[in-house]
$ cat input-v2.txt   # compact mmCIF, C-alpha atoms
# COMPACT_ATOMS: atom_id res chain seq x y z
CA MET L 1 -19.21 12.26 67.59
CA GLY L 2 -19.92 15.66 69.14
CA VAL L 3 -19.36 16.58 72.75
CA GLU L 4 -22.55 16.86 74.79
CA LYS L 5 -23.27 20.50 75.65
CA GLN L 6 -23.14 21.41 79.35
CA ILE L 7 -25.76 24.08 79.98
CA ARG L 8 -26.03 25.59 83.46
CA ARG L 9 -29.59 25.92 84.76
CA VAL L 10 -31.02 26.52 88.22
CA SER L 11 -34.54 25.77 89.39
CA LEU L 12 -36.74 27.04 92.19
CA THR L 13 -40.00 25.58 93.45
CA VAL L 14 -42.28 28.50 94.30
CA PRO L 15 -42.79 28.60 98.10
CA PRO L 16 -46.26 29.38 99.54
CA GLU L 17 -45.18 32.82 100.75
CA ARG L 18 -44.37 33.87 97.19
CA ALA L 19 -47.84 33.04 95.83
CA GLY L 20 -49.15 35.72 93.47
CA GLN L 21 -45.80 37.46 93.08
CA LYS L 22 -44.22 38.19 89.71
CA VAL L 23 -41.52 36.03 88.18
CA ASP L 24 -39.26 39.09 88.22
CA THR L 25 -39.55 39.27 92.01
CA LEU L 26 -38.49 35.64 92.43
CA LEU L 27 -35.57 36.07 90.06
CA ARG L 28 -34.28 38.98 92.10
CA LYS L 29 -35.24 38.01 95.66
CA GLU L 30 -34.94 34.21 95.62
CA LEU L 31 -32.24 33.64 92.99
CA GLY L 32 -30.36 36.91 93.46
CA LEU L 33 -30.22 37.82 89.77
CA SER L 34 -29.53 41.40 88.77
CA GLY L 35 -31.55 43.43 86.31
CA THR L 36 -28.70 43.17 83.80
CA VAL L 37 -28.67 39.38 83.93
CA ILE L 38 -32.48 39.16 83.78
CA ARG L 39 -32.58 41.37 80.68
CA ARG L 40 -30.13 39.05 78.95
CA LEU L 41 -32.18 35.96 79.90
CA LYS L 42 -35.37 37.40 78.44
CA TRP L 43 -33.98 37.04 74.91
CA LEU L 44 -33.24 33.31 75.24
CA ASP L 45 -35.95 30.82 74.22
CA ASP L 46 -35.25 28.76 77.33
CA GLY L 47 -33.95 31.64 79.46
CA ILE L 48 -36.90 31.83 81.90
CA LEU L 49 -39.31 28.91 82.16
CA LEU L 50 -42.27 28.28 84.47
CA ASP L 51 -43.24 24.60 84.58
CA GLY L 52 -41.26 24.16 81.37
CA THR L 53 -42.97 26.99 79.45
CA ARG L 54 -41.34 30.28 78.50
CA VAL L 55 -42.92 33.17 80.40
CA PHE L 56 -42.64 36.93 80.74
CA THR L 57 -41.17 38.26 83.97
CA SER L 58 -44.52 39.93 84.69
CA ARG L 59 -46.21 36.52 85.03
CA ARG L 60 -47.57 35.84 88.53
CA VAL L 61 -46.73 32.50 90.10
CA GLU L 62 -48.57 29.88 92.13
CA PRO L 63 -47.16 27.75 94.98
CA GLY L 64 -45.48 24.56 93.79
CA GLN L 65 -44.71 25.80 90.30
CA VAL L 66 -41.12 25.31 89.17
CA LEU L 67 -39.21 28.32 87.89
CA THR L 68 -36.16 27.39 85.80
CA VAL L 69 -33.48 29.81 84.65
CA ARG L 70 -30.69 29.27 82.12
CA LEU L 71 -27.55 30.90 83.53
CA SER L 72 -25.11 29.97 80.78
CA ASP L 73 -25.11 32.33 77.81
CA PRO L 74 -24.92 30.67 74.36
CA GLU L 75 -23.41 33.81 72.79
CA ARG L 76 -19.72 34.55 73.27
CA ARG L 77 -19.22 38.30 73.44
CA SER L 78 -15.68 38.56 74.78
CA GLY L 79 -13.99 38.32 71.40
CA VAL L 80 -11.44 35.90 72.88
CA VAL L 81 -10.35 33.18 70.41
CA PRO L 82 -10.07 29.59 71.68
CA ALA L 83 -6.50 28.28 71.46
CA PRO L 84 -4.92 25.17 73.01
CA GLY L 85 -2.61 25.62 75.96
CA PRO L 86 -1.88 24.30 79.45
CA LEU L 87 -4.43 24.78 82.22
CA ASP L 88 -4.00 23.67 85.83
CA ILE L 89 -7.58 23.45 87.12
CA VAL L 90 -7.69 23.31 90.92
CA TYR L 91 -11.51 23.34 91.21
CA GLU L 92 -14.47 23.40 88.87
CA ASP L 93 -18.25 23.39 89.22
CA GLY L 94 -21.11 24.57 87.05
CA ASP L 95 -20.55 28.24 87.91
CA MET L 96 -16.82 28.83 88.35
CA LEU L 97 -13.27 27.55 88.11
CA VAL L 98 -10.18 28.09 90.24
CA LEU L 99 -6.95 27.92 88.26
CA ASN L 100 -3.31 27.70 89.24
CA LYS L 101 -1.83 30.19 86.77
CA ALA L 102 1.70 29.53 85.61
CA PRO L 103 4.21 32.41 85.76
CA GLY L 104 4.84 34.09 82.43
CA VAL L 105 1.27 33.67 81.18
CA LEU L 106 -1.06 36.63 80.68
CA VAL L 107 -4.66 36.39 81.87
CA HIS L 108 -6.22 38.54 79.12
CA PRO L 109 -5.37 38.68 75.41
CA GLY L 110 -3.75 41.93 74.34
CA ALA L 111 -1.15 43.45 72.04
CA GLY L 112 1.18 40.69 70.86
CA HIS L 113 -0.70 38.04 72.85
CA PHE L 114 -3.85 36.97 71.03
CA SER L 115 -3.69 33.21 71.45
CA ASP L 116 -1.42 32.37 74.40
CA THR L 117 -3.33 33.61 77.45
CA VAL L 118 -5.49 32.05 80.14
CA GLY L 119 -8.57 33.33 78.29
CA ASN L 120 -7.60 31.51 75.08
CA PHE L 121 -6.75 28.28 76.89
CA LEU L 122 -9.97 28.35 78.90
CA LEU L 123 -12.24 28.76 75.87
CA ASP L 124 -10.44 25.89 74.16
CA TYR L 125 -11.05 23.76 77.25
CA TYR L 126 -14.74 24.69 77.20
CA ASP L 127 -14.99 23.70 73.54
CA ARG L 128 -13.31 20.35 74.15
CA THR L 129 -15.48 19.48 77.16
CA GLY L 130 -18.80 20.92 75.94
CA VAL L 131 -19.07 23.71 78.53
CA GLU L 132 -21.33 26.49 77.24
CA ALA L 133 -19.41 29.51 78.49
CA ASP L 134 -17.44 32.60 77.54
CA PHE L 135 -14.36 34.02 79.25
CA HIS L 136 -15.60 35.71 82.44
CA PRO L 137 -12.54 36.61 84.55
CA VAL L 138 -13.22 37.76 88.09
CA HIS L 139 -9.79 39.25 88.85
CA ARG L 140 -6.35 39.16 87.31
CA LEU L 141 -2.79 38.26 88.16
CA ASP L 142 0.22 39.99 86.64
CA LYS L 143 2.01 38.07 83.91
CA GLY L 144 4.87 37.10 86.22
CA THR L 145 2.68 36.15 89.18
CA SER L 146 1.82 32.49 89.72
CA GLY L 147 -0.96 30.84 91.66
CA LEU L 148 -4.67 30.87 92.32
CA MET L 149 -7.20 32.88 90.33
CA VAL L 150 -10.95 32.62 89.72
CA ALA L 151 -12.90 32.63 86.47
CA ALA L 152 -16.69 32.53 86.28
CA LYS L 153 -18.61 30.47 83.74
CA HIS L 154 -21.54 32.82 83.22
CA PRO L 155 -22.42 36.50 83.71
CA HIS L 156 -24.36 35.96 86.96
CA ALA L 157 -21.46 34.16 88.63
CA GLN L 158 -19.02 36.81 87.40
CA GLU L 159 -21.17 39.60 88.79
CA VAL L 160 -21.60 37.94 92.20
CA LEU L 161 -17.91 37.09 92.53
CA LYS L 162 -16.78 40.56 91.45
CA ASN L 163 -19.05 42.05 94.10
CA GLN L 164 -17.18 39.96 96.68
CA LEU L 165 -13.81 41.42 95.66
CA HIS L 166 -12.17 43.61 98.32
CA THR L 167 -14.59 42.37 100.96
CA ALA L 168 -14.23 39.68 103.62
CA GLN L 169 -16.09 37.30 101.27
CA PHE L 170 -13.15 37.19 98.84
CA ARG L 171 -9.88 36.59 100.68
CA ARG L 172 -6.52 36.37 98.94
CA ILE L 173 -3.17 35.54 100.53
CA TYR L 174 0.09 35.94 98.63
CA LEU L 175 3.60 34.73 99.27
CA ALA L 176 6.58 36.78 98.14
CA VAL L 177 10.34 36.46 98.41
CA CYS L 178 11.76 39.90 99.19
CA LEU L 179 15.34 41.09 99.24
CA GLY L 180 16.65 42.78 102.35
CA GLY L 181 13.64 43.13 104.64
CA PRO L 182 11.14 44.15 105.93
CA ALA L 183 12.71 45.08 109.26
CA ALA L 184 9.59 44.32 111.34
CA GLU L 185 8.24 40.78 111.63
CA GLU L 186 4.74 41.96 110.76
CA GLY L 187 2.87 45.13 110.01
CA THR L 188 0.64 47.04 107.62
CA VAL L 189 1.66 49.24 104.74
CA ASP L 190 -0.93 52.01 104.41
CA ALA L 191 0.32 54.06 101.48
CA PRO L 192 -1.71 55.42 98.53
CA ILE L 193 -0.69 54.27 95.04
CA GLY L 194 -0.84 56.20 91.77
CA MET L 195 0.93 56.31 88.43
CA ALA L 196 4.68 56.84 88.57
CA GLU L 197 5.91 60.05 86.99
CA GLY L 198 6.91 59.60 83.36
CA SER L 199 5.62 56.03 83.04
CA ILE L 200 2.49 54.49 81.57
CA VAL L 201 3.14 51.17 83.34
CA ALA L 202 4.83 51.69 86.70
CA ARG L 203 3.02 52.74 89.87
CA ALA L 204 4.39 54.56 92.89
CA VAL L 205 3.44 55.56 96.41
CA ARG L 206 2.20 59.15 96.16
CA PRO L 207 -0.04 61.29 98.39
CA ASP L 208 -2.60 61.87 95.65
CA GLY L 209 -2.89 58.16 94.84
CA LEU L 210 -5.73 55.76 95.61
CA PRO L 211 -5.91 54.26 99.12
CA ALA L 212 -3.94 51.02 99.41
CA ARG L 213 -3.36 48.76 102.43
CA THR L 214 -1.25 45.61 102.58
CA HIS L 215 -0.83 43.45 105.70
CA TYR L 216 2.38 41.45 105.89
CA ARG L 217 4.06 38.88 108.12
CA VAL L 218 7.55 37.44 107.81
CA LEU L 219 7.51 33.63 107.61
CA ARG L 220 11.21 32.92 107.21
CA ARG L 221 14.53 34.69 106.75
CA ALA L 222 17.46 33.18 104.84
CA GLY L 223 20.33 35.63 104.59
CA ASP L 224 19.10 38.68 102.69
CA ARG L 225 16.04 36.82 101.39
CA VAL L 226 12.77 36.91 103.26
CA LEU L 227 9.63 34.87 102.67
CA VAL L 228 6.64 37.13 103.41
CA ARG L 229 2.95 36.36 103.73
CA LEU L 230 0.76 39.20 102.39
CA ALA L 231 -2.96 39.92 102.65
CA LEU L 232 -4.48 42.65 100.51
CA GLU L 233 -7.14 44.95 101.91
CA THR L 234 -7.33 46.79 98.58
CA GLY L 235 -6.44 45.61 95.10
CA ARG L 236 -4.41 48.28 93.32
CA THR L 237 -2.31 47.43 90.28
CA HIS L 238 1.12 46.12 91.37
CA GLN L 239 0.14 46.82 94.99
CA ILE L 240 2.37 44.22 96.67
CA ARG L 241 5.35 45.02 94.45
CA VAL L 242 5.01 48.77 95.07
CA HIS L 243 4.46 48.46 98.81
CA MET L 244 7.38 46.09 99.37
CA ALA L 245 9.67 48.35 97.34
CA HIS L 246 8.37 51.26 99.44
CA LEU L 247 9.59 49.40 102.54
CA GLY L 248 13.00 49.02 100.92
CA CYS L 249 12.66 45.30 100.24
CA SER L 250 11.59 44.83 96.62
CA LEU L 251 10.61 41.39 95.38
CA ALA L 252 13.36 39.15 94.06
CA GLY L 253 13.39 39.34 90.27
CA ASP L 254 11.25 42.47 90.09
CA PHE L 255 12.57 44.26 87.01
CA LEU L 256 10.20 47.21 87.47
CA TYR L 257 10.51 48.07 91.16
CA GLY L 258 13.73 46.36 92.12
CA ARG L 259 16.55 44.65 90.27
CA GLU L 260 16.16 42.15 87.46
CA ASP L 261 18.33 39.06 87.91
CA ARG L 262 17.22 36.27 85.60
CA ASP L 263 19.84 33.93 87.04
CA LEU L 264 18.14 34.33 90.43
CA ILE L 265 14.54 34.09 89.20
CA PRO L 266 13.18 35.24 85.81
CA ARG L 267 10.10 36.94 87.25
CA PRO L 268 8.92 38.87 90.31
CA ALA L 269 8.83 36.30 93.13
CA LEU L 270 5.11 36.55 93.88
CA HIS L 271 2.60 33.71 94.27
CA SER L 272 -1.16 33.69 94.93
CA ALA L 273 -1.13 31.00 97.60
CA GLU L 274 -4.55 31.03 99.25
CA LEU L 275 -7.99 31.94 98.00
CA SER L 276 -11.32 31.90 99.82
CA VAL L 277 -14.64 32.85 98.19
CA ARG L 278 -18.37 32.27 98.48
CA GLN L 279 -19.72 29.99 95.75
CA PRO L 280 -21.78 32.43 93.64
CA VAL L 281 -25.00 30.37 93.53
CA THR L 282 -25.00 28.29 96.73
CA GLY L 283 -23.13 30.73 98.97
CA GLU L 284 -20.91 27.92 100.27
CA ARG L 285 -17.51 29.01 101.56
CA LEU L 286 -14.74 27.59 99.35
CA THR L 287 -11.08 27.74 100.35
CA PHE L 288 -8.08 26.68 98.28
CA THR L 289 -4.33 26.63 98.85
CA CYS L 290 -1.49 26.29 96.37
CA PRO L 291 2.04 25.48 97.56
CA LEU L 292 5.03 27.67 96.91
CA PRO L 293 6.32 26.96 93.37
CA GLU L 294 9.73 25.44 92.89
CA ASP L 295 11.45 28.58 91.59
CA MET L 296 10.45 30.57 94.69
CA ALA L 297 11.10 27.71 97.14
CA ARG L 298 14.59 27.38 95.71
CA LEU L 299 15.32 30.99 96.65
CA MET L 300 14.73 30.07 100.29
CA ASP L 301 16.82 26.89 100.02
CA GLY L 302 13.72 24.84 100.74
CA GLU L 303 11.72 22.16 99.06
CA ASP L 304 8.65 22.82 96.99
CA GLY L 305 5.81 24.09 99.19
CA PHE L 306 7.61 23.49 102.52
CA PHE L 307 7.39 27.10 103.69
CA ALA L 308 4.03 28.01 102.18
CA PHE L 309 1.75 27.59 105.19
CA GLY L 310 3.93 26.24 107.96
CA SER L 311 4.04 29.51 109.89
CA GLU L 312 0.39 30.48 110.14
$ encode --input "input-v2.txt" --output "structure tokens"
Amino acid sequence: MGVEKQIRRVSLTVPPERAGQKVDTLLRKELGLSGTVIRRLKWLDDGILLDGTRVFTSRRVEPGQVLTVRLSDPERRSGVVPAPGPLDIVYEDGDMLVLNKAPGVLVHPGAGHFSDTVGNFLLDYYDRTGVEADFHPVHRLDKGTSGLMVAAKHPHAQEVLKNQLHTAQFRRIYLAVCLGGPAAEEGTVDAPIGMAEGSIVARAVRPDGLPARTHYRVLRRAGDRVLVRLALETGRTHQIRVHMAHLGCSLAGDFLYGREDRDLIPRPALHSAELSVRQPVTGERLTFTCPLPEDMARLMDGEDGFFAFGSE
């Protein structure tokens, strides 16, 4: 027996003040859809309906009519192949998911990783549960980074959430275990980041780099290990790892910017611990927290999650 398909639709009853306006105006002004999303909807038989009947966006509306839009796209265009794998879903609604990504897992498929990434696992989950959706990542975490990340279920949600990135609407807090510092209890690293000389992977602080700002606060010190709370004002590749190394206190386990020690921790000790966004359709503020994982907590001689938010 097949799984019932979950199709995301939103409806709007035409208010009196919109009488005589075009459907296109309501889609943009009332539902907040972009021209790109509207163009995609036009091709779907049930993409844009007025009182249950397919209409052109030039159609003028009357008060009390019901405009219905199909947000989920039946065509998968990402090229990502569904493949079974573990997913830790922290939150899910019709427009988005928040996942707790495990360390060591890539977000996007790429060279050598075509079926063992978050994208593969998510599409397999959609197939098993009947969700009509493609892989629409909003942001990414490095392979070694654990913790909270957002994926949208349809192009409109992805567009809205991406527009929130690097604004006060989309707030991310990280926890890191650093070696040796920083010296100050709190501060801001304001240092531009660009490609490191002679590398196609590593980044470095350099005067001709892109602006990058990281706010930090020490939560706990245990010998030469320091648990640091970090808030990003910008989102450059490897920003936290580069900025902490710039301060002389690279992340524990950071093979690229510090010293690899797999007996200590087999990855850079970085965790996406708090995430706050606006729900892309309702605008509701959503906030999530994810405790410090066991491998990082062990570095501070603490129990799982004990130090994550106790020093706000």
$ closest_residue --input "input-v2.txt" --among "L:Ala231, L:Phe170, L:His156, L:Ala252" --to "Thr188 of chain L" --atoms "all atoms listed in the file"
L:Ala231
$ residues_around --input "input-v2.txt" --residues "Gly144 of chain L" --least-positions-apart "2" --cutoff "9 Å" --atoms "all atoms listed in the file" --output "list in words"
Ala102, Pro103, Gly104, Val105, Leu106, Leu141, Asp142, Ser146, Pro266, Arg267, Pro268, Ala269 and Leu270 of chain L
$ residues_around --input "input-v2.txt" --residues "Gly181 of chain L" --least-positions-apart "2" --cutoff "9 Å" --atoms "only C-alpha atoms" --output "PyMOL selection string"
chain L and resi 178-179+183-184+218+221+224-226+244+247-250
$ write_last_selection --input "input-v2.txt" --atoms "C-alpha atoms" --output "tab-separated table (two decimals), in the coordinates of the input"
chain	number	residue	atom	x	y	z
L	178	CYS	CA	11.76	39.90	99.19
L	179	LEU	CA	15.34	41.09	99.24
L	183	ALA	CA	12.71	45.08	109.26
L	184	ALA	CA	9.59	44.32	111.34
L	218	VAL	CA	7.55	37.44	107.81
L	221	ARG	CA	14.53	34.69	106.75
L	224	ASP	CA	19.10	38.68	102.69
L	225	ARG	CA	16.04	36.82	101.39
L	226	VAL	CA	12.77	36.91	103.26
L	244	MET	CA	7.38	46.09	99.37
L	247	LEU	CA	9.59	49.40	102.54
L	248	GLY	CA	13.00	49.02	100.92
L	249	CYS	CA	12.66	45.30	100.24
L	250	SER	CA	11.59	44.83	96.62
$ closest_residue --input "input-v2.txt" --among "L:Val242, L:Leu97, L:Val138, L:Val90" --to "Pro291 of chain L" --atoms "all atoms listed in the file"
L:Val90
$ closest_residue --input "input-v2.txt" --among "L:Gln239, L:Ser115, L:Ser199, L:Gln6" --to "Arg213 of chain L" --atoms "all atoms listed in the file"
L:Gln239
$ atom_distance --input "input-v2.txt" --atom1 "atom CA of Leu148 of chain L" --atom2 "atom CA of Glu186 of chain L"
23.5 Å
$ closest_residue --input "input-v2.txt" --among "L:His108, L:Arg8, L:Arg285, L:Arg40" --to "Glu75 of chain L" --atoms "all atoms listed in the file"
L:Arg40
$ closest_residue --input "input-v2.txt" --among "L:Pro86, L:Pro182, L:Pro155, L:Gly209" --to "Arg229 of chain L" --atoms "all atoms listed in the file"
L:Pro182
$ atom_distance --input "input-v2.txt" --atom1 "atom CA of Val3 of chain L" --atom2 "atom CA of Asp73 of chain L"
17.5 Å
$ residues_around --input "input-v2.txt" --residues "Leu286 of chain L" --least-positions-apart "5" --cutoff "12 Å" --atoms "only C-alpha atoms" --output "number ranges by chain"
L: 90-93, 96-98, 150, 169-171, 274-280
$ axis_aligned_box --input "input-v2.txt" --around "segment 279-285 of chain L" --padding-each-side "5 Å" --output "lines of an AutoDock Vina configuration file"
center_x = -21.3
center_y = 30.2
center_z = 97.5
size_x = 17.5
size_y = 14.5
size_z = 18.0
$ atom_distance --input "input-v2.txt" --atom1 "atom CA of His113 of chain L" --atom2 "atom CA of Ala297 of chain L"
28.9 Å
$ residues_around --input "input-v2.txt" --residues "segment 32-38 of chain L" --least-positions-apart "6" --cutoff "12 Å" --atoms "all atoms listed in the file" --output "PyMOL selection string"
chain L and resi 10+12+23-26+44+47-48+56-57+69-73+154-160+163+280-283
$ closest_residue --input "input-v2.txt" --among "L:Leu256, L:Ala176, L:Leu123, L:Met195" --to "Val81 of chain L" --atoms "only C-alpha atoms"
L:Leu123
$ decode --input "input-v2.txt" --residues "segment 251-264 of chain L" --atoms "N, CA, C and O atoms" --output "short mmCIF file (atom, residue, chain, number, x, y, z; two decimals), in the first residue's frame"
data_model
loop_
_atom_site.label_atom_id
_atom_site.label_comp_id
_atom_site.auth_asym_id
_atom_site.auth_seq_id
_atom_site.Cartn_x
_atom_site.Cartn_y
_atom_site.Cartn_z
N LEU L 251 40.94 25.27 17.32
CA LEU L 251 40.01 24.30 17.87
C LEU L 251 40.71 22.96 18.10
O LEU L 251 41.56 22.54 17.32
N ALA L 252 40.34 22.30 19.17
CA ALA L 252 40.84 20.95 19.42
C ALA L 252 40.47 20.07 18.24
O ALA L 252 39.36 20.13 17.72
N GLY L 253 41.43 19.28 17.77
CA GLY L 253 41.17 18.36 16.68
C GLY L 253 41.16 18.98 15.30
O GLY L 253 40.82 18.29 14.33
N ASP L 254 41.50 20.25 15.18
CA ASP L 254 41.44 20.90 13.87
C ASP L 254 42.71 20.61 13.07
O ASP L 254 43.74 21.25 13.25
N PHE L 255 42.60 19.65 12.16
CA PHE L 255 43.74 19.20 11.36
C PHE L 255 44.22 20.27 10.39
O PHE L 255 45.37 20.26 9.96
N LEU L 256 43.34 21.22 10.03
CA LEU L 256 43.68 22.19 9.00
C LEU L 256 44.29 23.47 9.57
O LEU L 256 45.21 24.04 8.98
N TYR L 257 43.81 23.91 10.72
CA TYR L 257 44.27 25.19 11.28
C TYR L 257 44.97 25.03 12.63
O TYR L 257 45.41 26.02 13.21
N GLY L 258 45.04 23.80 13.10
CA GLY L 258 45.69 23.57 14.38
C GLY L 258 46.51 22.30 14.33
O GLY L 258 47.35 22.13 13.46
N ARG L 259 46.18 21.37 15.23
CA ARG L 259 46.94 20.12 15.31
C ARG L 259 45.96 18.96 15.39
O ARG L 259 45.09 18.91 16.26
N GLU L 260 46.09 18.04 14.46
CA GLU L 260 45.23 16.86 14.49
C GLU L 260 45.68 15.92 15.60
O GLU L 260 46.87 15.63 15.74
N ASP L 261 44.73 15.48 16.41
CA ASP L 261 45.00 14.51 17.47
C ASP L 261 43.76 13.65 17.62
O ASP L 261 42.85 13.95 18.39
N ARG L 262 43.72 12.55 16.87
CA ARG L 262 42.52 11.71 16.83
C ARG L 262 42.26 11.01 18.15
O ARG L 262 41.14 10.57 18.42
N ASP L 263 43.28 10.90 18.99
CA ASP L 263 43.05 10.33 20.32
C ASP L 263 42.31 11.32 21.22
O ASP L 263 41.61 10.91 22.15
N LEU L 264 42.49 12.61 20.92
CA LEU L 264 41.79 13.65 21.69
C LEU L 264 40.36 13.78 21.20
O LEU L 264 39.40 13.65 21.97
#
